[in-house]
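Each remark here refers to the structure printed beneath this line.
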Amino acid sequence: MTINGQSAGKRLFVPYQLDISKFIRSGENRIDVRITTTRRNGFVGEAAKGNPHYNQFKGQENTLVPSGLVGPVVIKKI
Amino acid sequence: MTSGAHLNNRPVITQESFVSILRAEMTTPQKIKMWADKSLACGINQLIYHGTPYRYNPGEYGPEGWNTWSSPFVPYVNFSTGMNESDPFWKDLKTVNQYLARCQYALRAGKPQTDALIYVPFVDFTEDQLAVNPEEILYRGYYKAVEPDIWGFGTFASPDTPINRWYKKLWAVVNALEANGISWEFVNDESLQKAKLTNAHLSIEGNPYQTLILANLPYINLATAKHITALSKGGLRLWTIGELPRKQPSYLDYATNDRLASQLIAEASRQKNSRAVTGEMPLNTLAQPVRFAQRVAFSRQITREMTDGSQVKFLWNKSDQWQTIALNLDNRFQNSYWLNPENGHVEQNTGRTVRYRLPPYGSVILYASAKRALAPALLSSPDLSAEQAQPVLTIENWTIKAGEVTLPNHPLVDWRTNDQLKHKSDEGIYTASFRLENPVPAARYFVDLGKV
C-alpha cells in the first residue's frame with residue numbers, strides 16, 4: 001500500500017491494517033493498494049472457456065474463492 | 001504424532017505441511033499461517049512445504065507450467081500446494097517463512113511441558129476423527145467462511161464408528177483442557193506400560209506428567225490395566241471420566257481377561273489419588289507456573305520448559321475475532337516477555353498477570369524467564385494497533401484495475417460478484433483519494449483495509 005506515493009508497508013496476515021501517520025498530509029491524499037489474488041478463479045474461467053490446460057478446473061464454477069479488496073476501507077485515528 | 005515424539009524425546013518434529021485434497025490454487029499467506037499455527041500449537045516444530053518444485057513447461061501446460069499436484073491430465077483429484085516461483089505469492093514467501101522460522105526456533109527451546117496424559121487404546125489416528133470435534137476449525141484444510149466447501153474424490157464424512165463416537169466424547173475433555181490452558185498429550189499402551197512414579201508424577205522416558213486421564217474407554221489392554229493399578233496404588237493421580245472399561249481387546253481367554261481388566265481398573269479408581277470425574281475436571285489441583293487467568297474458548301497452546309524452569313508458551317487465537325489472553329505467572333519467573341513472531345518484536349511485561357491482545361487467528365509467544373533478563377537492546381516498544389482507533393472516514397469510491405479490466409468510481413466488491421472480475425487472477429490495483437483536514441500531529445492514523 002502506498003499513501004501519496006510512499007510505501008506504507010505490506011500485510012500478509014490478518015489484520016490488514018497499516019500505520020500511515022508519516023505519509024498523510026492535510027487536504028487531498030492518494031491511496032494505492034495492490035492485492036495479490038490466487039490463481040484459482042482465473043483457472044476456473046479458462047476451463048469454462050474450454051482451455052485444455054485447465055481440465056482439472058472444468059465444472060468448478062461453484063468453487064471460486066473470495067478475491068479482491070472487499071473492505072470497508074476505513075481511515076482511523078488513535 | 002507429537003505425543004509420540006515427546007514421549008520418546010525426539011527434539012525435532014517434522015510435518016509435511018500446507019497440503020489438503022481438492023484445494024488447489026487456494027493457498028494464501030494467511031492460509032499458510034493458519035495451517036502452521038494449528039500444527040505449532042500441537043507441538044510441531046519443523047514445517048516442510050508439501051512441495052516447492054522447480055519450474056518446468058514442455059508446452060503441455062499453461063504459462064505457469066507443470067504443477068505436481070494439480071494437473072489437467074489427472075483432473076479428478078488435486079492438492080495444495082505446489083509453491084514455486086510461478087505462484088502469485090512466491091514473492092511473499094520469504095516474509096511468511098520468517099514468521100515460521102521464529103516460531104520453530106522458539107518451539108525447539110527446552111523440552112515439552114505436559115500436564116496431563118490421555119490414554120488412547122487405539123493404534124491409529126485419522127483426520128475424520130478431528131471432524132467430530134465441534135471446536136475444530138480447519139478440518140480437511142477447509143477454511144470455513146472463506147473457501148468453498150468441496151467434496152469429491154478422497155474426501156469422506158466421518159463414519160459413525162465406535163472409535164469416532166469415542167472421539168466425540170473425548171474432544172469435550174480435550175476442549176476443556178485447552179480452554180483452561182492445560183497441556184495434554186496422548187499416551188499409548190507401550191509408553192504407559194513403561195511409566196514409573198517419580199515424586200508423585202507419572203514419568204515416561206524421563207518426562208513428568210501430573211495426571212493420567214481414562215475417558216469413556218470401550219476397553220483397556222490388560223497389561224496396561226495391571227500397570228495403571230500398580231501405579232495408582234503408589235499414588236498416581238488418576239482421573240476417570242464416564243464408565244470404566246469392562247473389556248480388554250484380546251480374544252485370548254476373553255471372558256476371564258475381560259473380568260480381570262474390569263476388576264483392575266475398578267480397583268485403580270478406588271485409590272486415594274484417583275478421582276471419578278462427573279462434572280468439571282479438578283484442573284486447579286494441577287501445578288501450573290503459567291496459569292490462564294480465566295477460561296477462554298478461543299485458544300490452543302503448547303508449552304516448552306528449559307532446565308532452569310523458564311517457559312516458552314505458544315498461544316494461537318483460533319477464532320476470527322480479536323481476543324485477550326491473560327496469564328498468571330508464579331514467583332519462579334523473574335521476567336516475562338511477549339515475542340511477536342510476525343515482526344520479531346520483544347515486549348517486556350510487568351507484574352504477575354500479563355495480558356496480550358490477539359488479532360483474529362493471531363499468535364504470540366510468552367517467554368517467562370526464571371533467571372535471565374533480556375538485554376534492553378533486544379526489547380521493542382509495544383506494537384500500536386488500530387483495533388482501538390476511532391474511525392475518521394470510509395473510502396467508498398475506487399478505481400479498480402485487474403488485467404485489462406478497469407472499473408472507475410466503483411465500490412469495493414468481492415470479485416466473484418462481478419462478471420468482469422470473477423474469472424480474474426491478476427493483481428488487483430486499487431486507487432482512491434481521501435480528504436483529511438488538519439491531521440492532529442500527535443495522533444496516529446491507520447488504514448484498516450477490512451476484508452481482503
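In the C-alpha cells, chains take the letters A, B, ... in the order shown, each chain's residues start at 1, and ligands count up from 1 in the order shown.
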
Spatial neighbours of region 141-157 of chain B, 10 Å, only C-alpha atoms, chain gap at least 4 places, as number ranges by chain: A: 60, 62-67; B: 18-23, 26, 31, 34-35, 76-78, 80, 128-129, 131-132, 137, 320

Please write the residues from the selection above to a file, keeping C-alpha atoms, as a PDB file, in the first residue's frame.
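What landed in result_7.pdb:
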```
ATOM      1  CA  GLN A  60     -15.767 -25.871 -10.821  1.00  0.00           C
ATOM      2  CA  ASN A  62     -19.194 -23.034  -7.768  1.00  0.00           C
ATOM      3  CA  THR A  63     -15.745 -23.257  -6.144  1.00  0.00           C
ATOM      4  CA  LEU A  64     -14.451 -19.760  -6.842  1.00  0.00           C
ATOM      5  CA  VAL A  65     -12.595 -18.248  -3.915  1.00  0.00           C
ATOM      6  CA  PRO A  66     -13.158 -14.771  -2.474  1.00  0.00           C
ATOM      7  CA  SER A  67     -10.972 -12.317  -4.318  1.00  0.00           C
TER       8      SER A  67
ATOM      9  CA  PHE B  18       0.210 -26.900   3.751  1.00  0.00           C
ATOM     10  CA  VAL B  19      -1.491 -29.655   1.794  1.00  0.00           C
ATOM     11  CA  SER B  20      -5.154 -30.563   1.562  1.00  0.00           C
ATOM     12  CA  ILE B  21      -7.024 -32.564  -1.021  1.00  0.00           C
ATOM     13  CA  LEU B  22      -9.159 -30.752  -3.624  1.00  0.00           C
ATOM     14  CA  ARG B  23      -7.825 -27.344  -2.567  1.00  0.00           C
ATOM     15  CA  MET B  26      -6.416 -21.546  -2.862  1.00  0.00           C
ATOM     16  CA  LYS B  31      -3.949 -19.794   4.975  1.00  0.00           C
ATOM     17  CA  MET B  34      -3.467 -20.863   9.895  1.00  0.00           C
ATOM     18  CA  TRP B  35      -2.240 -24.288   8.847  1.00  0.00           C
ATOM     19  CA  TYR B  76     -10.344 -35.952 -10.784  1.00  0.00           C
ATOM     20  CA  VAL B  77      -8.069 -35.006  -7.894  1.00  0.00           C
ATOM     21  CA  ASN B  78      -5.765 -32.180  -6.857  1.00  0.00           C
ATOM     22  CA  SER B  80      -2.480 -27.765  -2.408  1.00  0.00           C
ATOM     23  CA  ASP B 128     -12.009 -37.731  10.144  1.00  0.00           C
ATOM     24  CA  GLN B 129     -11.665 -38.158  13.896  1.00  0.00           C
ATOM     25  CA  ALA B 131     -14.153 -33.666  12.269  1.00  0.00           C
ATOM     26  CA  VAL B 132     -16.252 -34.835  15.190  1.00  0.00           C
ATOM     27  CA  ILE B 137     -11.737 -25.000  12.717  1.00  0.00           C
ATOM     28  CA  ASP B 320     -11.969 -14.880  13.750  1.00  0.00           C
TER      29      ASP B 320
END
```

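DSSP, applied to the backbone of this structure, assigns alpha helix (DSSP H) to the following residues of chain A: Arg40, Asn41, Gly42, Phe43, Val44, Gly45, Glu46, Ala47 and Ala48 of chain A.
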
Residues of chain B within 7 Å of chain A, counting only C-alpha atoms, as a compact mmCIF listing (two decimals) with N, CA, C and O atoms, in the first residue's frame:
```txt
# COMPACT_ATOMS: atom_id res chain seq x y z
N GLU B 25 -4.74 -24.22 -5.70
CA GLU B 25 -4.80 -22.80 -6.06
C GLU B 25 -5.66 -21.97 -5.12
O GLU B 25 -6.30 -21.02 -5.52
N MET B 26 -5.71 -22.35 -3.87
CA MET B 26 -6.42 -21.55 -2.86
C MET B 26 -5.46 -21.01 -1.80
O MET B 26 -5.88 -20.29 -0.89
N PRO B 29 -0.91 -16.52 1.99
CA PRO B 29 -0.09 -16.44 3.22
C PRO B 29 -0.92 -16.62 4.49
O PRO B 29 -0.50 -17.30 5.43
N GLN B 30 -2.12 -16.05 4.50
CA GLN B 30 -2.97 -16.20 5.69
C GLN B 30 -3.33 -17.65 5.92
O GLN B 30 -3.35 -18.14 7.05
N TYR B 61 1.38 -27.34 -20.70
CA TYR B 61 0.69 -26.67 -19.60
C TYR B 61 0.49 -25.19 -19.93
O TYR B 61 1.00 -24.69 -20.93
N GLY B 62 -0.26 -24.50 -19.06
CA GLY B 62 -0.42 -23.07 -19.20
C GLY B 62 0.90 -22.36 -18.91
O GLY B 62 1.90 -23.00 -18.60
N SER B 71 -3.11 -31.21 -12.06
CA SER B 71 -2.73 -31.44 -13.45
C SER B 71 -3.96 -31.64 -14.33
O SER B 71 -4.91 -32.34 -13.93
N PRO B 72 -3.95 -31.08 -15.54
CA PRO B 72 -5.07 -31.33 -16.46
C PRO B 72 -5.14 -32.79 -16.89
O PRO B 72 -6.18 -33.24 -17.37
N VAL B 74 -4.75 -35.31 -14.77
CA VAL B 74 -5.34 -36.07 -13.65
C VAL B 74 -6.45 -35.20 -13.08
O VAL B 74 -6.34 -34.66 -11.97
N PRO B 75 -7.53 -35.01 -13.84
CA PRO B 75 -8.50 -33.97 -13.47
C PRO B 75 -9.38 -34.31 -12.28
O PRO B 75 -10.05 -33.43 -11.75
N TYR B 76 -9.39 -35.57 -11.83
CA TYR B 76 -10.34 -35.95 -10.78
C TYR B 76 -9.84 -35.65 -9.37
O TYR B 76 -10.60 -35.77 -8.41
N PRO B 88 1.59 -16.72 -7.46
CA PRO B 88 1.49 -15.27 -7.22
C PRO B 88 2.05 -14.84 -5.86
O PRO B 88 2.45 -13.69 -5.69
N VAL B 146 -14.52 -18.68 4.32
CA VAL B 146 -13.70 -18.04 3.30
C VAL B 146 -13.70 -18.89 2.03
O VAL B 146 -14.03 -18.41 0.94
N GLU B 147 -13.34 -20.15 2.17
CA GLU B 147 -13.22 -21.01 0.99
C GLU B 147 -14.52 -21.78 0.74
O GLU B 147 -15.34 -21.95 1.65
N PRO B 148 -14.68 -22.26 -0.49
CA PRO B 148 -15.82 -23.17 -0.75
C PRO B 148 -15.58 -24.51 -0.09
O PRO B 148 -14.44 -24.94 0.05
N PRO B 359 -4.95 -10.66 17.57
CA PRO B 359 -5.85 -10.41 16.44
C PRO B 359 -6.53 -11.70 16.00
O PRO B 359 -6.16 -12.79 16.43
N PRO B 360 -7.53 -11.59 15.14
CA PRO B 360 -8.17 -12.81 14.62
C PRO B 360 -7.11 -13.76 14.05
O PRO B 360 -6.25 -13.33 13.28
N ALA B 386 -4.43 -0.71 15.42
CA ALA B 386 -5.56 0.13 15.00
C ALA B 386 -6.87 -0.35 15.61
O ALA B 386 -7.91 0.27 15.41
N ALA B 389 -8.46 2.20 17.60
CA ALA B 389 -8.55 3.52 16.96
C ALA B 389 -9.99 3.82 16.54
O ALA B 389 -10.78 2.92 16.29
N GLN B 390 -10.27 5.10 16.44
CA GLN B 390 -11.63 5.54 16.08
C GLN B 390 -11.72 5.82 14.59
O GLN B 390 -10.80 6.41 14.00
N PRO B 391 -12.82 5.42 13.95
CA PRO B 391 -12.98 5.71 12.52
C PRO B 391 -13.03 7.20 12.25
O PRO B 391 -13.66 7.95 12.99
N VAL B 392 -12.34 7.63 11.21
CA VAL B 392 -12.36 9.04 10.79
C VAL B 392 -13.20 9.17 9.51
O VAL B 392 -14.03 10.05 9.39
N LEU B 393 -12.95 8.28 8.57
CA LEU B 393 -13.72 8.31 7.32
C LEU B 393 -13.61 6.96 6.62
O LEU B 393 -12.69 6.17 6.90
N THR B 394 -14.55 6.70 5.74
CA THR B 394 -14.54 5.48 4.93
C THR B 394 -14.35 5.87 3.46
O THR B 394 -14.99 6.81 2.98
N ILE B 395 -13.46 5.18 2.80
CA ILE B 395 -13.21 5.46 1.38
C ILE B 395 -14.14 4.57 0.56
O ILE B 395 -14.02 3.35 0.56
N LEU B 412 -16.20 -1.16 -3.53
CA LEU B 412 -15.44 -2.40 -3.35
C LEU B 412 -16.38 -3.59 -3.42
O LEU B 412 -17.48 -3.56 -2.86
N VAL B 413 -15.93 -4.61 -4.11
CA VAL B 413 -16.75 -5.83 -4.26
C VAL B 413 -15.85 -7.05 -4.18
O VAL B 413 -14.65 -7.00 -4.50
N ASP B 414 -16.45 -8.16 -3.76
CA ASP B 414 -15.81 -9.45 -3.93
C ASP B 414 -15.87 -9.75 -5.44
O ASP B 414 -16.95 -9.68 -6.04
N TRP B 415 -14.74 -10.06 -6.01
CA TRP B 415 -14.69 -10.23 -7.47
C TRP B 415 -15.64 -11.30 -7.97
O TRP B 415 -16.04 -11.29 -9.14
N ARG B 416 -16.00 -12.23 -7.14
CA ARG B 416 -16.90 -13.28 -7.58
C ARG B 416 -18.28 -12.73 -7.98
O ARG B 416 -19.02 -13.39 -8.70
N LYS B 422 -14.84 -11.91 -12.04
CA LYS B 422 -14.96 -13.18 -11.33
C LYS B 422 -13.96 -14.23 -11.78
O LYS B 422 -13.60 -15.12 -11.02
N HIS B 423 -13.50 -14.11 -13.03
CA HIS B 423 -12.50 -15.08 -13.50
C HIS B 423 -11.12 -14.45 -13.64
O HIS B 423 -10.28 -14.94 -14.40
N LYS B 424 -10.88 -13.40 -12.89
CA LYS B 424 -9.57 -12.75 -12.92
C LYS B 424 -8.69 -13.30 -11.79
O LYS B 424 -9.16 -13.53 -10.68
N SER B 425 -7.42 -13.47 -12.13
CA SER B 425 -6.44 -13.82 -11.09
C SER B 425 -5.26 -12.87 -11.16
O SER B 425 -4.17 -13.17 -10.68
N ASP B 426 -5.49 -11.71 -11.76
CA ASP B 426 -4.42 -10.71 -11.85
C ASP B 426 -4.27 -10.00 -10.51
O ASP B 426 -5.12 -10.12 -9.63
N GLU B 427 -3.20 -9.24 -10.42
CA GLU B 427 -3.06 -8.36 -9.27
C GLU B 427 -4.17 -7.31 -9.34
O GLU B 427 -4.44 -6.75 -10.41
N GLY B 428 -4.82 -7.06 -8.22
CA GLY B 428 -5.83 -6.01 -8.16
C GLY B 428 -5.17 -4.69 -7.77
O GLY B 428 -4.46 -4.63 -6.77
N ILE B 429 -5.36 -3.67 -8.60
CA ILE B 429 -4.75 -2.37 -8.31
C ILE B 429 -5.88 -1.39 -7.99
O ILE B 429 -6.74 -1.11 -8.83
N TYR B 430 -5.89 -0.89 -6.77
CA TYR B 430 -6.96 -0.04 -6.27
C TYR B 430 -6.39 1.35 -6.02
O TYR B 430 -5.38 1.51 -5.34
N THR B 431 -7.09 2.35 -6.55
CA THR B 431 -6.65 3.73 -6.37
C THR B 431 -7.83 4.57 -5.91
O THR B 431 -8.95 4.41 -6.44
N ALA B 432 -7.57 5.44 -4.95
CA ALA B 432 -8.63 6.33 -4.46
C ALA B 432 -7.98 7.56 -3.83
O ALA B 432 -6.75 7.63 -3.68
N SER B 433 -8.80 8.52 -3.49
CA SER B 433 -8.29 9.67 -2.74
C SER B 433 -9.24 9.96 -1.59
O SER B 433 -10.41 9.57 -1.61
N PHE B 434 -8.68 10.61 -0.59
CA PHE B 434 -9.50 10.99 0.56
C PHE B 434 -8.98 12.31 1.11
O PHE B 434 -7.80 12.64 0.99
N ARG B 435 -9.90 13.06 1.72
CA ARG B 435 -9.52 14.36 2.29
C ARG B 435 -9.38 14.24 3.80
O ARG B 435 -10.21 13.64 4.47
N LEU B 436 -8.31 14.78 4.28
CA LEU B 436 -8.07 14.77 5.72
C LEU B 436 -7.63 16.18 6.10
O LEU B 436 -6.52 16.60 5.77
N GLU B 437 -8.53 16.92 6.72
CA GLU B 437 -8.22 18.32 7.03
C GLU B 437 -7.49 18.41 8.36
O GLU B 437 -7.97 17.90 9.37
N ASN B 438 -6.33 19.03 8.34
CA ASN B 438 -5.54 19.31 9.55
C ASN B 438 -5.39 18.09 10.46
O ASN B 438 -5.90 18.07 11.58
N PRO B 439 -4.71 17.05 9.98
CA PRO B 439 -4.50 15.90 10.87
C PRO B 439 -3.76 16.31 12.14
O PRO B 439 -2.88 17.18 12.11
N ALA B 443 -1.40 12.55 16.90
CA ALA B 443 -2.22 11.34 16.74
C ALA B 443 -1.56 10.37 15.78
O ALA B 443 -0.67 10.73 15.00
N ARG B 444 -1.99 9.10 15.86
CA ARG B 444 -1.55 8.10 14.89
C ARG B 444 -2.74 7.74 14.00
O ARG B 444 -3.85 7.55 14.48
N TYR B 445 -2.46 7.67 12.71
CA TYR B 445 -3.50 7.36 11.73
C TYR B 445 -3.22 6.00 11.09
O TYR B 445 -2.07 5.65 10.82
N PHE B 446 -4.29 5.28 10.87
CA PHE B 446 -4.18 3.94 10.29
C PHE B 446 -5.12 3.81 9.10
O PHE B 446 -6.15 4.48 9.05
N VAL B 447 -4.75 2.93 8.20
CA VAL B 447 -5.71 2.44 7.22
C VAL B 447 -6.08 1.02 7.63
O VAL B 447 -5.21 0.19 7.85
N ASP B 448 -7.37 0.80 7.77
CA ASP B 448 -7.89 -0.55 8.01
C ASP B 448 -8.56 -1.00 6.72
O ASP B 448 -9.57 -0.44 6.31
N LEU B 449 -7.94 -1.99 6.06
CA LEU B 449 -8.46 -2.44 4.76
C LEU B 449 -9.68 -3.33 4.89
O LEU B 449 -10.29 -3.69 3.88
N GLY B 450 -10.03 -3.69 6.11
CA GLY B 450 -11.19 -4.57 6.28
C GLY B 450 -10.94 -5.95 5.71
O GLY B 450 -9.89 -6.55 5.92
N LYS B 451 -11.90 -6.43 4.96
CA LYS B 451 -11.80 -7.79 4.41
C LYS B 451 -11.01 -7.78 3.11
O LYS B 451 -11.32 -7.01 2.20
N VAL B 452 -10.01 -8.66 3.03
CA VAL B 452 -9.17 -8.74 1.84
C VAL B 452 -9.21 -10.16 1.34
O VAL B 452 -9.02 -11.09 2.12
```

Hey, what's within 7 Å of region 101-115 of chain B if we count only C-alpha atoms and toss same-chain stuff fewer than 3 positions away? As a ChimeraX atom specification, please? /B:6,11,45-46,97-98,182-185,209-211,303-307,341

Go ahead and dump the residues you just picked, C-alpha atoms, as a compact mmCIF listing (two decimals), in the first residue's frame.
```txt
# COMPACT_ATOMS: atom_id res chain seq x y z
CA HIS B 6 7.55 -36.12 23.01
CA PRO B 11 13.57 -32.92 19.74
CA ASN B 45 8.46 -27.53 15.32
CA GLN B 46 9.62 -28.13 11.76
CA ASN B 97 8.96 -18.12 6.26
CA GLN B 98 10.42 -15.57 8.67
CA ILE B 182 -3.78 -27.33 30.49
CA SER B 183 -1.23 -29.02 28.26
CA TRP B 184 -2.12 -32.59 27.32
CA GLU B 185 -0.92 -35.42 25.14
CA TYR B 209 3.14 -35.76 33.85
CA GLN B 210 0.79 -34.74 36.64
CA THR B 211 -2.22 -36.83 35.85
CA THR B 303 4.50 -25.10 26.30
CA ARG B 304 8.24 -25.80 26.42
CA GLU B 305 10.30 -25.73 29.60
CA MET B 306 14.02 -25.06 29.95
CA THR B 307 16.31 -26.68 32.50
CA PRO B 341 6.75 -13.97 15.72
```

Can I get the residues of region 197-310 of chain B within 8 Å of region 173-181 of chain B, each with the closest pair of atoms and their distance in Å to one decimal, using only C-alpha atoms, sorted chain first then ascending number, as a Markdown table?
```
| residue | atom | partner | partner_atom | distance |
| --- | --- | --- | --- | --- |
| B:Leu283 | CA | B:Asn180 | CA | 7.9 |
| B:Arg291 | CA | B:Gly181 | CA | 6.7 |
| B:Phe292 | CA | B:Gly181 | CA | 5.7 |
| B:Gln294 | CA | B:Asn180 | CA | 7.2 |
| B:Arg295 | CA | B:Asn180 | CA | 5.0 |
| B:Val296 | CA | B:Ala179 | CA | 4.9 |
| B:Ala297 | CA | B:Ala179 | CA | 5.5 |
| B:Phe298 | CA | B:Ala179 | CA | 7.3 |
| B:Ser299 | CA | B:Ala179 | CA | 6.5 |
| B:Arg300 | CA | B:Glu178 | CA | 6.0 |
| B:Gln301 | CA | B:Gly181 | CA | 7.2 |
```
